[in-house]
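Novice: File name work35.txt; file contents compact mmCIF, N, CA, C and O atoms; full text below.
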# COMPACT_ATOMS: atom_id res chain seq x y z
N MET A 1 59.18 185.60 38.37
CA MET A 1 60.17 184.91 39.15
C MET A 1 61.53 185.00 38.46
O MET A 1 61.65 184.78 37.27
N VAL A 2 62.55 185.34 39.21
CA VAL A 2 63.91 185.47 38.68
C VAL A 2 64.61 184.13 38.80
O VAL A 2 64.59 183.49 39.85
N GLU A 3 65.22 183.71 37.71
CA GLU A 3 65.96 182.45 37.72
C GLU A 3 67.44 182.76 37.91
O GLU A 3 68.04 183.48 37.10
N LEU A 4 68.01 182.26 38.99
CA LEU A 4 69.44 182.44 39.22
C LEU A 4 70.18 181.29 38.58
O LEU A 4 69.78 180.14 38.69
N LYS A 5 71.26 181.61 37.93
CA LYS A 5 72.10 180.59 37.32
C LYS A 5 73.46 180.65 38.00
O LYS A 5 73.82 181.64 38.63
N VAL A 6 74.22 179.59 37.85
CA VAL A 6 75.53 179.51 38.48
C VAL A 6 76.61 179.53 37.41
O VAL A 6 76.57 178.75 36.47
N GLY A 7 77.55 180.43 37.56
CA GLY A 7 78.70 180.52 36.69
C GLY A 7 79.96 180.29 37.51
O GLY A 7 79.90 180.11 38.73
N THR A 8 81.08 180.30 36.85
CA THR A 8 82.36 180.08 37.51
C THR A 8 83.30 181.21 37.15
O THR A 8 83.38 181.61 35.99
N ILE A 9 84.02 181.70 38.14
CA ILE A 9 85.12 182.64 37.88
C ILE A 9 86.40 181.86 38.09
O ILE A 9 86.56 181.16 39.09
N VAL A 10 87.30 181.95 37.13
CA VAL A 10 88.59 181.28 37.22
C VAL A 10 89.64 182.34 37.46
O VAL A 10 89.76 183.29 36.68
N PHE A 11 90.38 182.20 38.54
CA PHE A 11 91.43 183.15 38.91
C PHE A 11 92.79 182.54 38.62
O PHE A 11 93.01 181.35 38.88
N PHE A 12 93.70 183.34 38.11
CA PHE A 12 95.07 182.91 37.81
C PHE A 12 96.06 183.78 38.60
O PHE A 12 96.75 184.62 38.03
N PRO A 13 96.14 183.58 39.90
CA PRO A 13 96.94 184.48 40.74
C PRO A 13 98.44 184.44 40.48
O PRO A 13 99.12 185.43 40.71
N GLN A 14 98.95 183.32 39.99
CA GLN A 14 100.39 183.21 39.84
C GLN A 14 100.82 183.03 38.39
O GLN A 14 101.99 182.78 38.12
N GLU A 15 99.88 183.15 37.47
CA GLU A 15 100.23 182.87 36.08
C GLU A 15 100.51 184.14 35.28
O GLU A 15 99.91 185.17 35.50
N ASP A 16 101.41 183.99 34.35
CA ASP A 16 101.82 185.04 33.44
C ASP A 16 100.66 185.39 32.50
O ASP A 16 100.01 184.49 31.96
N PHE A 17 100.39 186.66 32.30
CA PHE A 17 99.32 187.13 31.44
C PHE A 17 99.40 186.51 30.05
O PHE A 17 98.40 186.04 29.50
N GLU A 18 100.58 186.48 29.46
CA GLU A 18 100.75 185.97 28.10
C GLU A 18 100.41 184.49 28.01
O GLU A 18 99.80 184.05 27.04
N ARG A 19 100.79 183.73 29.00
CA ARG A 19 100.49 182.28 29.00
C ARG A 19 98.98 182.05 29.05
O ARG A 19 98.45 181.22 28.32
N VAL A 20 98.29 182.77 29.90
CA VAL A 20 96.83 182.64 30.00
C VAL A 20 96.18 183.11 28.70
O VAL A 20 95.25 182.48 28.19
N LYS A 21 96.67 184.19 28.13
CA LYS A 21 96.14 184.71 26.86
C LYS A 21 96.30 183.69 25.73
O LYS A 21 95.42 183.55 24.89
N GLN A 22 97.42 182.98 25.71
CA GLN A 22 97.64 181.95 24.69
C GLN A 22 96.60 180.83 24.80
O GLN A 22 96.10 180.34 23.79
N ILE A 23 96.28 180.44 26.02
CA ILE A 23 95.27 179.40 26.21
C ILE A 23 93.91 179.90 25.75
O ILE A 23 93.15 179.16 25.12
N GLU A 24 93.59 181.15 26.04
CA GLU A 24 92.33 181.74 25.56
C GLU A 24 92.27 181.62 24.03
O GLU A 24 91.24 181.24 23.47
N GLY A 25 93.38 181.93 23.37
CA GLY A 25 93.44 181.85 21.91
C GLY A 25 93.25 180.44 21.40
O GLY A 25 92.53 180.20 20.42
N ARG A 26 93.88 179.47 22.05
CA ARG A 26 93.73 178.07 21.64
C ARG A 26 92.29 177.58 21.84
O ARG A 26 91.77 176.82 21.02
N LEU A 27 91.67 177.98 22.94
CA LEU A 27 90.27 177.59 23.17
C LEU A 27 89.37 178.11 22.05
O LEU A 27 88.47 177.42 21.59
N TYR A 28 89.64 179.33 21.60
CA TYR A 28 88.85 179.88 20.52
C TYR A 28 89.18 179.18 19.19
O TYR A 28 88.27 178.79 18.45
N ASP A 29 90.46 179.02 18.90
CA ASP A 29 90.87 178.40 17.64
C ASP A 29 90.37 176.97 17.50
O ASP A 29 89.90 176.56 16.43
N GLN A 30 90.45 176.19 18.57
CA GLN A 30 90.09 174.78 18.50
C GLN A 30 88.60 174.52 18.67
O GLN A 30 88.05 173.59 18.08
N TYR A 31 87.94 175.31 19.51
CA TYR A 31 86.55 175.02 19.86
C TYR A 31 85.57 176.17 19.61
O TYR A 31 84.38 176.00 19.76
N ARG A 32 86.09 177.35 19.31
CA ARG A 32 85.28 178.56 19.20
C ARG A 32 84.64 178.92 20.54
O ARG A 32 83.51 179.40 20.60
N ILE A 33 85.38 178.67 21.62
CA ILE A 33 84.92 179.01 22.97
C ILE A 33 85.41 180.42 23.29
O ILE A 33 86.59 180.73 23.11
N ARG A 34 84.49 181.24 23.78
CA ARG A 34 84.77 182.63 24.16
C ARG A 34 84.07 182.95 25.47
O ARG A 34 83.03 182.37 25.77
N PHE A 35 84.59 183.94 26.20
CA PHE A 35 84.00 184.36 27.48
C PHE A 35 84.62 185.69 27.87
O PHE A 35 85.62 186.12 27.29
N ASP A 36 84.01 186.34 28.86
CA ASP A 36 84.55 187.61 29.36
C ASP A 36 85.82 187.33 30.16
O ASP A 36 85.92 186.32 30.86
N THR A 37 86.74 188.26 30.06
CA THR A 37 87.99 188.18 30.83
C THR A 37 88.21 189.53 31.52
O THR A 37 87.58 190.52 31.17
N GLY A 38 89.10 189.54 32.45
CA GLY A 38 89.41 190.79 33.11
C GLY A 38 90.51 190.60 34.14
O GLY A 38 91.19 189.59 34.17
N TYR A 39 90.64 191.61 34.97
CA TYR A 39 91.61 191.58 36.06
C TYR A 39 90.87 191.83 37.35
O TYR A 39 89.98 192.66 37.41
N GLY A 40 91.24 191.08 38.35
CA GLY A 40 90.67 191.27 39.68
C GLY A 40 91.79 191.40 40.68
O GLY A 40 92.96 191.56 40.31
N SER A 41 91.46 191.30 41.93
CA SER A 41 92.47 191.43 42.99
C SER A 41 93.51 190.32 42.94
O SER A 41 94.60 190.47 43.46
N GLU A 42 93.17 189.20 42.28
CA GLU A 42 94.11 188.08 42.19
C GLU A 42 94.80 188.01 40.83
O GLU A 42 95.43 187.00 40.51
N GLY A 43 94.67 189.02 40.02
CA GLY A 43 95.30 189.00 38.70
C GLY A 43 94.28 188.69 37.62
O GLY A 43 93.11 189.04 37.72
N ARG A 44 94.71 187.99 36.59
CA ARG A 44 93.86 187.66 35.43
C ARG A 44 92.70 186.77 35.88
O ARG A 44 92.88 185.90 36.73
N GLU A 45 91.52 186.98 35.29
CA GLU A 45 90.39 186.12 35.61
C GLU A 45 89.52 185.89 34.37
O GLU A 45 89.48 186.72 33.47
N TRP A 46 88.89 184.73 34.35
CA TRP A 46 87.92 184.38 33.32
C TRP A 46 86.56 184.30 33.98
O TRP A 46 86.42 183.71 35.05
N GLN A 47 85.55 184.83 33.33
CA GLN A 47 84.19 184.82 33.86
C GLN A 47 83.34 183.89 32.99
O GLN A 47 82.93 184.27 31.90
N LEU A 48 83.15 182.69 33.49
CA LEU A 48 82.41 181.67 32.75
C LEU A 48 80.96 181.67 33.22
O LEU A 48 80.52 180.80 33.95
N ASP A 49 80.26 182.70 32.80
CA ASP A 49 78.87 182.90 33.20
C ASP A 49 78.03 183.03 31.93
O ASP A 49 78.25 182.30 30.98
N TRP A 50 77.12 183.99 31.89
CA TRP A 50 76.28 184.21 30.72
C TRP A 50 77.11 184.51 29.47
O TRP A 50 76.66 184.31 28.35
N SER A 51 78.35 184.98 29.66
CA SER A 51 79.18 185.37 28.52
C SER A 51 79.86 184.18 27.84
O SER A 51 80.44 184.34 26.78
N LEU A 52 79.78 182.99 28.44
CA LEU A 52 80.42 181.81 27.85
C LEU A 52 79.73 181.47 26.54
O LEU A 52 78.53 181.19 26.49
N GLN A 53 80.49 181.52 25.46
CA GLN A 53 79.98 181.20 24.13
C GLN A 53 80.71 179.98 23.60
O GLN A 53 81.92 179.87 23.76
N HIS A 54 79.97 179.09 22.97
CA HIS A 54 80.54 177.88 22.40
C HIS A 54 79.68 177.47 21.21
O HIS A 54 78.54 177.92 21.07
N PRO A 55 80.20 176.59 20.35
CA PRO A 55 79.41 176.16 19.19
C PRO A 55 78.13 175.44 19.63
O PRO A 55 78.09 174.83 20.69
N GLU A 56 77.11 175.49 18.79
CA GLU A 56 75.85 174.81 19.10
C GLU A 56 76.03 173.30 19.18
O GLU A 56 75.24 172.62 19.82
N SER A 57 77.08 172.78 18.55
CA SER A 57 77.34 171.34 18.57
C SER A 57 77.91 170.87 19.92
O SER A 57 78.09 169.68 20.14
N MET A 58 78.16 171.81 20.81
CA MET A 58 78.78 171.53 22.10
C MET A 58 77.85 172.04 23.20
O MET A 58 77.31 173.13 23.09
N THR A 59 77.68 171.26 24.26
CA THR A 59 76.89 171.73 25.40
C THR A 59 77.76 172.63 26.28
O THR A 59 79.00 172.64 26.16
N ARG A 60 77.12 173.34 27.17
CA ARG A 60 77.86 174.17 28.13
C ARG A 60 78.81 173.29 28.96
O ARG A 60 79.94 173.65 29.20
N GLN A 61 78.33 172.12 29.38
CA GLN A 61 79.16 171.21 30.16
C GLN A 61 80.39 170.76 29.36
O GLN A 61 81.49 170.71 29.89
N GLU A 62 80.21 170.45 28.09
CA GLU A 62 81.34 170.05 27.25
C GLU A 62 82.33 171.20 27.09
O GLU A 62 83.55 170.98 27.07
N ALA A 63 81.83 172.41 26.97
CA ALA A 63 82.72 173.58 26.88
C ALA A 63 83.53 173.73 28.16
O ALA A 63 84.74 173.97 28.12
N MET A 64 82.88 173.57 29.31
CA MET A 64 83.58 173.67 30.59
C MET A 64 84.64 172.56 30.71
O MET A 64 85.74 172.80 31.20
N GLU A 65 84.32 171.37 30.24
CA GLU A 65 85.28 170.27 30.28
C GLU A 65 86.48 170.55 29.37
O GLU A 65 87.62 170.24 29.74
N ALA A 66 86.25 171.14 28.21
CA ALA A 66 87.35 171.50 27.31
C ALA A 66 88.25 172.54 27.95
O ALA A 66 89.48 172.46 27.85
N ILE A 67 87.66 173.50 28.62
CA ILE A 67 88.44 174.55 29.30
C ILE A 67 89.30 173.92 30.39
O ILE A 67 90.51 174.16 30.47
N THR A 68 88.69 173.08 31.22
CA THR A 68 89.42 172.42 32.31
C THR A 68 90.54 171.55 31.75
O THR A 68 91.66 171.55 32.28
N LYS A 69 90.25 170.81 30.70
CA LYS A 69 91.26 169.94 30.07
C LYS A 69 92.48 170.75 29.63
O LYS A 69 93.62 170.36 29.87
N HIS A 70 92.24 171.90 28.98
CA HIS A 70 93.36 172.73 28.53
C HIS A 70 94.17 173.28 29.70
O HIS A 70 95.40 173.27 29.66
N LEU A 71 93.49 173.76 30.71
CA LEU A 71 94.21 174.30 31.87
C LEU A 71 95.04 173.22 32.56
O LEU A 71 96.20 173.45 32.91
N ASP A 72 94.46 172.05 32.73
CA ASP A 72 95.19 170.97 33.39
C ASP A 72 96.34 170.44 32.54
O ASP A 72 97.42 170.15 33.07
N SER A 73 96.15 170.34 31.24
CA SER A 73 97.23 169.85 30.38
C SER A 73 98.40 170.82 30.33
O SER A 73 99.54 170.42 30.14
N GLU A 74 98.12 172.10 30.51
CA GLU A 74 99.17 173.13 30.52
C GLU A 74 99.76 173.30 31.92
O GLU A 74 100.65 174.12 32.11
N GLN A 75 99.21 172.57 32.87
CA GLN A 75 99.64 172.66 34.28
C GLN A 75 99.57 174.11 34.79
O GLN A 75 100.46 174.58 35.48
N ILE A 76 98.48 174.77 34.41
CA ILE A 76 98.23 176.13 34.86
C ILE A 76 97.68 176.10 36.28
O ILE A 76 96.81 175.30 36.60
N LYS A 77 98.19 176.97 37.12
CA LYS A 77 97.68 177.08 38.49
C LYS A 77 96.51 178.07 38.48
O LYS A 77 96.64 179.19 38.03
N TYR A 78 95.38 177.60 38.98
CA TYR A 78 94.19 178.44 38.99
C TYR A 78 93.31 178.07 40.18
O TYR A 78 93.47 177.03 40.79
N ARG A 79 92.40 178.97 40.47
CA ARG A 79 91.42 178.76 41.53
C ARG A 79 90.07 179.14 40.96
O ARG A 79 89.96 180.08 40.17
N THR A 80 89.04 178.38 41.34
CA THR A 80 87.69 178.70 40.84
C THR A 80 86.78 179.10 41.98
O THR A 80 86.99 178.72 43.13
N GLU A 81 85.78 179.86 41.61
CA GLU A 81 84.76 180.29 42.57
C GLU A 81 83.41 180.31 41.86
O GLU A 81 83.32 180.85 40.75
N LEU A 82 82.41 179.71 42.46
CA LEU A 82 81.08 179.74 41.87
C LEU A 82 80.43 181.08 42.19
O LEU A 82 80.63 181.64 43.25
N GLN A 83 79.63 181.55 41.23
CA GLN A 83 78.96 182.84 41.40
C GLN A 83 77.58 182.75 40.73
O GLN A 83 77.47 182.23 39.61
N THR A 84 76.57 183.24 41.39
CA THR A 84 75.24 183.25 40.77
C THR A 84 75.10 184.49 39.89
O THR A 84 75.75 185.51 40.12
N TYR A 85 74.25 184.36 38.89
CA TYR A 85 73.96 185.49 38.00
C TYR A 85 72.56 185.34 37.45
O TYR A 85 71.96 184.28 37.52
N GLU A 86 72.04 186.42 36.91
CA GLU A 86 70.74 186.42 36.26
C GLU A 86 70.94 186.67 34.78
O GLU A 86 71.86 187.39 34.40
N ASP A 87 70.08 186.11 33.95
CA ASP A 87 70.15 186.39 32.51
C ASP A 87 69.62 187.77 32.24
O ASP A 87 68.81 188.32 32.87
Could you spell out this file's structure in structure tokens?
Specialist:
Amino acid sequence: MVELKVGTIVFFPQEDFERVKQIEGRLYDQYRIRFDTGYGSEGREWQLDWSLQHPESMTRQEAMEAITKHLDSEQIKYRTELQTYED
């Protein structure tokens, strides 16, 4: 039986690449949070799926909350979309 998991793609359609990159750096420096990034039809995107890495002292939910907190505190405009994936 295949287990489907749910991840999130974060799109930054109106944000400057450098600004988003700086937040990625702060997330790593402060929390050691890492994930796949790329470009899609809407510009820069983060793929918070199987690639989401965080310290063992932090749950996946806590990592997601830290990411959201940083984006909101920086007043970054973004859109999210849920996506299923397999391990």
Novice: Atom O of A:Lys5 and atom O of A:Trp46 are how many Å apart?
Specialist: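 So the two atoms, atom O of A:Lys5 and atom O of A:Trp46, lie 13.3 Å apart.
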Novice: Taking (88.8, 184.8, 31.2) as a centre in this file's frame and 4.5 Å as the limit, can you find every polymer residue with an atom that close, using only N, CA, C and O atoms, and give them as number ranges by chain?
Specialist: A: 36-37, 45-47
Novice: Between atom C of A:Gly38 and atom N of A:Lys77, what distance in Å does the model show, to one decimal?
Specialist: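 Atom-to-atom, atom C of A:Gly38 and atom N of A:Lys77 are spaced 15.9 Å apart.
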Novice: Would you work out the distance separating atom CA of A:Phe12 from atom CA of A:Glu86, expressed in Å to one decimal?
Specialist: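 Between atom CA of A:Phe12 and atom CA of A:Glu86 the gap works out to 24.6 Å.
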Novice: Counting only C-alpha atoms, which residue out of A:Met58, A:Leu48, A:Ile33, A:Leu27 sits closest to A:Phe11?
Specialist: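 Looking at the shortest contact to A:Phe11, the residue is A:Leu48.
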Novice: Counting only N, CA, C and O atoms, which of A:Arg44, A:His54, A:Val10, A:Leu71 gets nearest to A:Ile23?
Specialist: A:Leu71
Novice: Using only N, CA, C and O atoms for the distances, tell me which of A:Gln61, A:Thr68, A:Gln14, A:Thr84 is nearest to A:Gly43.
Specialist: A:Gln14
Novice: At a cut-off of 7 Å, using all atoms listed in the file, what residues contact A:Gln53? Leave out same-chain residues fewer than 3 positions from it and give the result as a PDB file with N, CA, C and O atoms, in the coordinates of the input.
Specialist:
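Result written to part-v2.pdb:
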ATOM      1  N   TYR A  31      87.940 175.310  19.510  1.00  0.00           N
ATOM      2  CA  TYR A  31      86.550 175.020  19.860  1.00  0.00           C
ATOM      3  C   TYR A  31      85.570 176.170  19.610  1.00  0.00           C
ATOM      4  O   TYR A  31      84.380 176.000  19.760  1.00  0.00           O
ATOM      5  N   ARG A  32      86.090 177.350  19.310  1.00  0.00           N
ATOM      6  CA  ARG A  32      85.280 178.560  19.200  1.00  0.00           C
ATOM      7  C   ARG A  32      84.640 178.920  20.540  1.00  0.00           C
ATOM      8  O   ARG A  32      83.510 179.400  20.600  1.00  0.00           O
ATOM      9  N   ILE A  33      85.380 178.670  21.620  1.00  0.00           N
ATOM     10  CA  ILE A  33      84.920 179.010  22.970  1.00  0.00           C
ATOM     11  C   ILE A  33      85.410 180.420  23.290  1.00  0.00           C
ATOM     12  O   ILE A  33      86.590 180.730  23.110  1.00  0.00           O
ATOM     13  N   ARG A  34      84.490 181.240  23.780  1.00  0.00           N
ATOM     14  CA  ARG A  34      84.770 182.630  24.160  1.00  0.00           C
ATOM     15  C   ARG A  34      84.070 182.950  25.470  1.00  0.00           C
ATOM     16  O   ARG A  34      83.030 182.370  25.770  1.00  0.00           O
ATOM     17  N   PHE A  35      84.590 183.940  26.200  1.00  0.00           N
ATOM     18  CA  PHE A  35      84.000 184.360  27.480  1.00  0.00           C
ATOM     19  C   PHE A  35      84.620 185.690  27.870  1.00  0.00           C
ATOM     20  O   PHE A  35      85.620 186.120  27.290  1.00  0.00           O
ATOM     21  N   ASP A  36      84.010 186.340  28.860  1.00  0.00           N
ATOM     22  CA  ASP A  36      84.550 187.610  29.360  1.00  0.00           C
ATOM     23  C   ASP A  36      85.820 187.330  30.160  1.00  0.00           C
ATOM     24  O   ASP A  36      85.920 186.320  30.860  1.00  0.00           O
ATOM     25  N   ASP A  49      80.260 182.700  32.800  1.00  0.00           N
ATOM     26  CA  ASP A  49      78.870 182.900  33.200  1.00  0.00           C
ATOM     27  C   ASP A  49      78.030 183.030  31.930  1.00  0.00           C
ATOM     28  O   ASP A  49      78.250 182.300  30.980  1.00  0.00           O
ATOM     29  N   TRP A  50      77.120 183.990  31.890  1.00  0.00           N
ATOM     30  CA  TRP A  50      76.280 184.210  30.720  1.00  0.00           C
ATOM     31  C   TRP A  50      77.110 184.510  29.470  1.00  0.00           C
ATOM     32  O   TRP A  50      76.660 184.310  28.350  1.00  0.00           O
TER      33      TRP A  50
END
Novice: I'd like to know which residues of stretch 6-80 of chain A are strand (DSSP E or B) (by DSSP, run on the backbone); could you write them as number ranges by chain?
Specialist: A: 6-12, 34, 36-40, 43-48, 53, 79-80
Novice: I need the chosen residues saved as a compact mmCIF listing (two decimals), keeping the file's coordinate frame, with N, CA, C and O atoms.
Specialist:
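File written: out06.txt
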# COMPACT_ATOMS: atom_id res chain seq x y z
N VAL A 6 74.22 179.59 37.85
CA VAL A 6 75.53 179.51 38.48
C VAL A 6 76.61 179.53 37.41
O VAL A 6 76.57 178.75 36.47
N GLY A 7 77.55 180.43 37.56
CA GLY A 7 78.70 180.52 36.69
C GLY A 7 79.96 180.29 37.51
O GLY A 7 79.90 180.11 38.73
N THR A 8 81.08 180.30 36.85
CA THR A 8 82.36 180.08 37.51
C THR A 8 83.30 181.21 37.15
O THR A 8 83.38 181.61 35.99
N ILE A 9 84.02 181.70 38.14
CA ILE A 9 85.12 182.64 37.88
C ILE A 9 86.40 181.86 38.09
O ILE A 9 86.56 181.16 39.09
N VAL A 10 87.30 181.95 37.13
CA VAL A 10 88.59 181.28 37.22
C VAL A 10 89.64 182.34 37.46
O VAL A 10 89.76 183.29 36.68
N PHE A 11 90.38 182.20 38.54
CA PHE A 11 91.43 183.15 38.91
C PHE A 11 92.79 182.54 38.62
O PHE A 11 93.01 181.35 38.88
N PHE A 12 93.70 183.34 38.11
CA PHE A 12 95.07 182.91 37.81
C PHE A 12 96.06 183.78 38.60
O PHE A 12 96.75 184.62 38.03
N ARG A 34 84.49 181.24 23.78
CA ARG A 34 84.77 182.63 24.16
C ARG A 34 84.07 182.95 25.47
O ARG A 34 83.03 182.37 25.77
N ASP A 36 84.01 186.34 28.86
CA ASP A 36 84.55 187.61 29.36
C ASP A 36 85.82 187.33 30.16
O ASP A 36 85.92 186.32 30.86
N THR A 37 86.74 188.26 30.06
CA THR A 37 87.99 188.18 30.83
C THR A 37 88.21 189.53 31.52
O THR A 37 87.58 190.52 31.17
N GLY A 38 89.10 189.54 32.45
CA GLY A 38 89.41 190.79 33.11
C GLY A 38 90.51 190.60 34.14
O GLY A 38 91.19 189.59 34.17
N TYR A 39 90.64 191.61 34.97
CA TYR A 39 91.61 191.58 36.06
C TYR A 39 90.87 191.83 37.35
O TYR A 39 89.98 192.66 37.41
N GLY A 40 91.24 191.08 38.35
CA GLY A 40 90.67 191.27 39.68
C GLY A 40 91.79 191.40 40.68
O GLY A 40 92.96 191.56 40.31
N GLY A 43 94.67 189.02 40.02
CA GLY A 43 95.30 189.00 38.70
C GLY A 43 94.28 188.69 37.62
O GLY A 43 93.11 189.04 37.72
N ARG A 44 94.71 187.99 36.59
CA ARG A 44 93.86 187.66 35.43
C ARG A 44 92.70 186.77 35.88
O ARG A 44 92.88 185.90 36.73
N GLU A 45 91.52 186.98 35.29
CA GLU A 45 90.39 186.12 35.61
C GLU A 45 89.52 185.89 34.37
O GLU A 45 89.48 186.72 33.47
N TRP A 46 88.89 184.73 34.35
CA TRP A 46 87.92 184.38 33.32
C TRP A 46 86.56 184.30 33.98
O TRP A 46 86.42 183.71 35.05
N GLN A 47 85.55 184.83 33.33
CA GLN A 47 84.19 184.82 33.86
C GLN A 47 83.34 183.89 32.99
O GLN A 47 82.93 184.27 31.90
N LEU A 48 83.15 182.69 33.49
CA LEU A 48 82.41 181.67 32.75
C LEU A 48 80.96 181.67 33.22
O LEU A 48 80.52 180.80 33.95
N GLN A 53 80.49 181.52 25.46
CA GLN A 53 79.98 181.20 24.13
C GLN A 53 80.71 179.98 23.60
O GLN A 53 81.92 179.87 23.76
N ARG A 79 92.40 178.97 40.47
CA ARG A 79 91.42 178.76 41.53
C ARG A 79 90.07 179.14 40.96
O ARG A 79 89.96 180.08 40.17
N THR A 80 89.04 178.38 41.34
CA THR A 80 87.69 178.70 40.84
C THR A 80 86.78 179.10 41.98
O THR A 80 86.99 178.72 43.13
Novice: Give me, as a ChimeraX atom specification, the residues of stretch 2-87 of chain A that a backbone DSSP run labels alpha helix (DSSP H).
Specialist: /A:17-31,60-73
Novice: Could I get stretch 48-55 of chain A rebuilt with all heavy atoms, written as a PDB file, keeping the file's coordinate frame?
Specialist:
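In the end it all went to rebuild.pdb:
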ATOM      1  N   LEU A  48      83.150 182.690  33.490  1.00  0.00           N
ATOM      2  CA  LEU A  48      82.410 181.670  32.750  1.00  0.00           C
ATOM      3  C   LEU A  48      80.960 181.670  33.220  1.00  0.00           C
ATOM      4  O   LEU A  48      80.520 180.800  33.950  1.00  0.00           O
ATOM      5  CB  LEU A  48      83.068 180.298  32.949  1.00  0.00           C
ATOM      6  CG  LEU A  48      84.579 180.262  32.654  1.00  0.00           C
ATOM      7  CD1 LEU A  48      85.151 178.908  32.971  1.00  0.00           C
ATOM      8  CD2 LEU A  48      84.866 180.662  31.220  1.00  0.00           C
ATOM      9  N   ASP A  49      80.260 182.700  32.800  1.00  0.00           N
ATOM     10  CA  ASP A  49      78.870 182.900  33.200  1.00  0.00           C
ATOM     11  C   ASP A  49      78.030 183.030  31.930  1.00  0.00           C
ATOM     12  O   ASP A  49      78.250 182.300  30.980  1.00  0.00           O
ATOM     13  CB  ASP A  49      78.759 184.123  34.117  1.00  0.00           C
ATOM     14  CG  ASP A  49      79.437 185.368  33.538  1.00  0.00           C
ATOM     15  OD1 ASP A  49      79.744 185.402  32.320  1.00  0.00           O
ATOM     16  OD2 ASP A  49      79.657 186.318  34.297  1.00  0.00           O
ATOM     17  N   TRP A  50      77.120 183.990  31.890  1.00  0.00           N
ATOM     18  CA  TRP A  50      76.280 184.210  30.720  1.00  0.00           C
ATOM     19  C   TRP A  50      77.110 184.510  29.470  1.00  0.00           C
ATOM     20  O   TRP A  50      76.660 184.310  28.350  1.00  0.00           O
ATOM     21  CB  TRP A  50      75.298 185.351  30.964  1.00  0.00           C
ATOM     22  CG  TRP A  50      75.996 186.644  31.271  1.00  0.00           C
ATOM     23  CD1 TRP A  50      76.335 187.107  32.506  1.00  0.00           C
ATOM     24  CD2 TRP A  50      76.475 187.580  30.328  1.00  0.00           C
ATOM     25  NE1 TRP A  50      77.012 188.306  32.388  1.00  0.00           N
ATOM     26  CE2 TRP A  50      77.114 188.621  31.046  1.00  0.00           C
ATOM     27  CE3 TRP A  50      76.443 187.664  28.948  1.00  0.00           C
ATOM     28  CZ2 TRP A  50      77.711 189.708  30.440  1.00  0.00           C
ATOM     29  CZ3 TRP A  50      77.037 188.766  28.337  1.00  0.00           C
ATOM     30  CH2 TRP A  50      77.657 189.764  29.086  1.00  0.00           C
ATOM     31  N   SER A  51      78.350 184.980  29.660  1.00  0.00           N
ATOM     32  CA  SER A  51      79.180 185.370  28.520  1.00  0.00           C
ATOM     33  C   SER A  51      79.860 184.180  27.840  1.00  0.00           C
ATOM     34  O   SER A  51      80.440 184.340  26.780  1.00  0.00           O
ATOM     35  CB  SER A  51      80.243 186.371  28.964  1.00  0.00           C
ATOM     36  OG  SER A  51      81.173 185.755  29.839  1.00  0.00           O
ATOM     37  N   LEU A  52      79.780 182.990  28.440  1.00  0.00           N
ATOM     38  CA  LEU A  52      80.420 181.810  27.850  1.00  0.00           C
ATOM     39  C   LEU A  52      79.730 181.470  26.540  1.00  0.00           C
ATOM     40  O   LEU A  52      78.530 181.190  26.490  1.00  0.00           O
ATOM     41  CB  LEU A  52      80.335 180.621  28.814  1.00  0.00           C
ATOM     42  CG  LEU A  52      80.909 179.291  28.304  1.00  0.00           C
ATOM     43  CD1 LEU A  52      82.391 179.425  27.980  1.00  0.00           C
ATOM     44  CD2 LEU A  52      80.681 178.203  29.324  1.00  0.00           C
ATOM     45  N   GLN A  53      80.490 181.520  25.460  1.00  0.00           N
ATOM     46  CA  GLN A  53      79.980 181.200  24.130  1.00  0.00           C
ATOM     47  C   GLN A  53      80.710 179.980  23.600  1.00  0.00           C
ATOM     48  O   GLN A  53      81.920 179.870  23.760  1.00  0.00           O
ATOM     49  CB  GLN A  53      80.184 182.371  23.176  1.00  0.00           C
ATOM     50  CG  GLN A  53      79.465 183.621  23.587  1.00  0.00           C
ATOM     51  CD  GLN A  53      79.810 184.782  22.666  1.00  0.00           C
ATOM     52  OE1 GLN A  53      80.299 184.607  21.562  1.00  0.00           O
ATOM     53  NE2 GLN A  53      79.543 185.990  23.132  1.00  0.00           N
ATOM     54  N   HIS A  54      79.970 179.090  22.970  1.00  0.00           N
ATOM     55  CA  HIS A  54      80.540 177.880  22.400  1.00  0.00           C
ATOM     56  C   HIS A  54      79.680 177.470  21.210  1.00  0.00           C
ATOM     57  O   HIS A  54      78.540 177.920  21.070  1.00  0.00           O
ATOM     58  CB  HIS A  54      80.608 176.771  23.451  1.00  0.00           C
ATOM     59  CG  HIS A  54      79.307 176.521  24.148  1.00  0.00           C
ATOM     60  ND1 HIS A  54      78.302 175.757  23.602  1.00  0.00           N
ATOM     61  CD2 HIS A  54      78.825 176.974  25.326  1.00  0.00           C
ATOM     62  CE1 HIS A  54      77.272 175.725  24.423  1.00  0.00           C
ATOM     63  NE2 HIS A  54      77.557 176.466  25.482  1.00  0.00           N
ATOM     64  N   PRO A  55      80.200 176.590  20.350  1.00  0.00           N
ATOM     65  CA  PRO A  55      79.410 176.160  19.190  1.00  0.00           C
ATOM     66  C   PRO A  55      78.130 175.440  19.630  1.00  0.00           C
ATOM     67  O   PRO A  55      78.090 174.830  20.690  1.00  0.00           O
ATOM     68  CB  PRO A  55      80.334 175.185  18.455  1.00  0.00           C
ATOM     69  CG  PRO A  55      81.672 175.354  19.053  1.00  0.00           C
ATOM     70  CD  PRO A  55      81.504 175.966  20.395  1.00  0.00           C
TER      71      PRO A  55
END
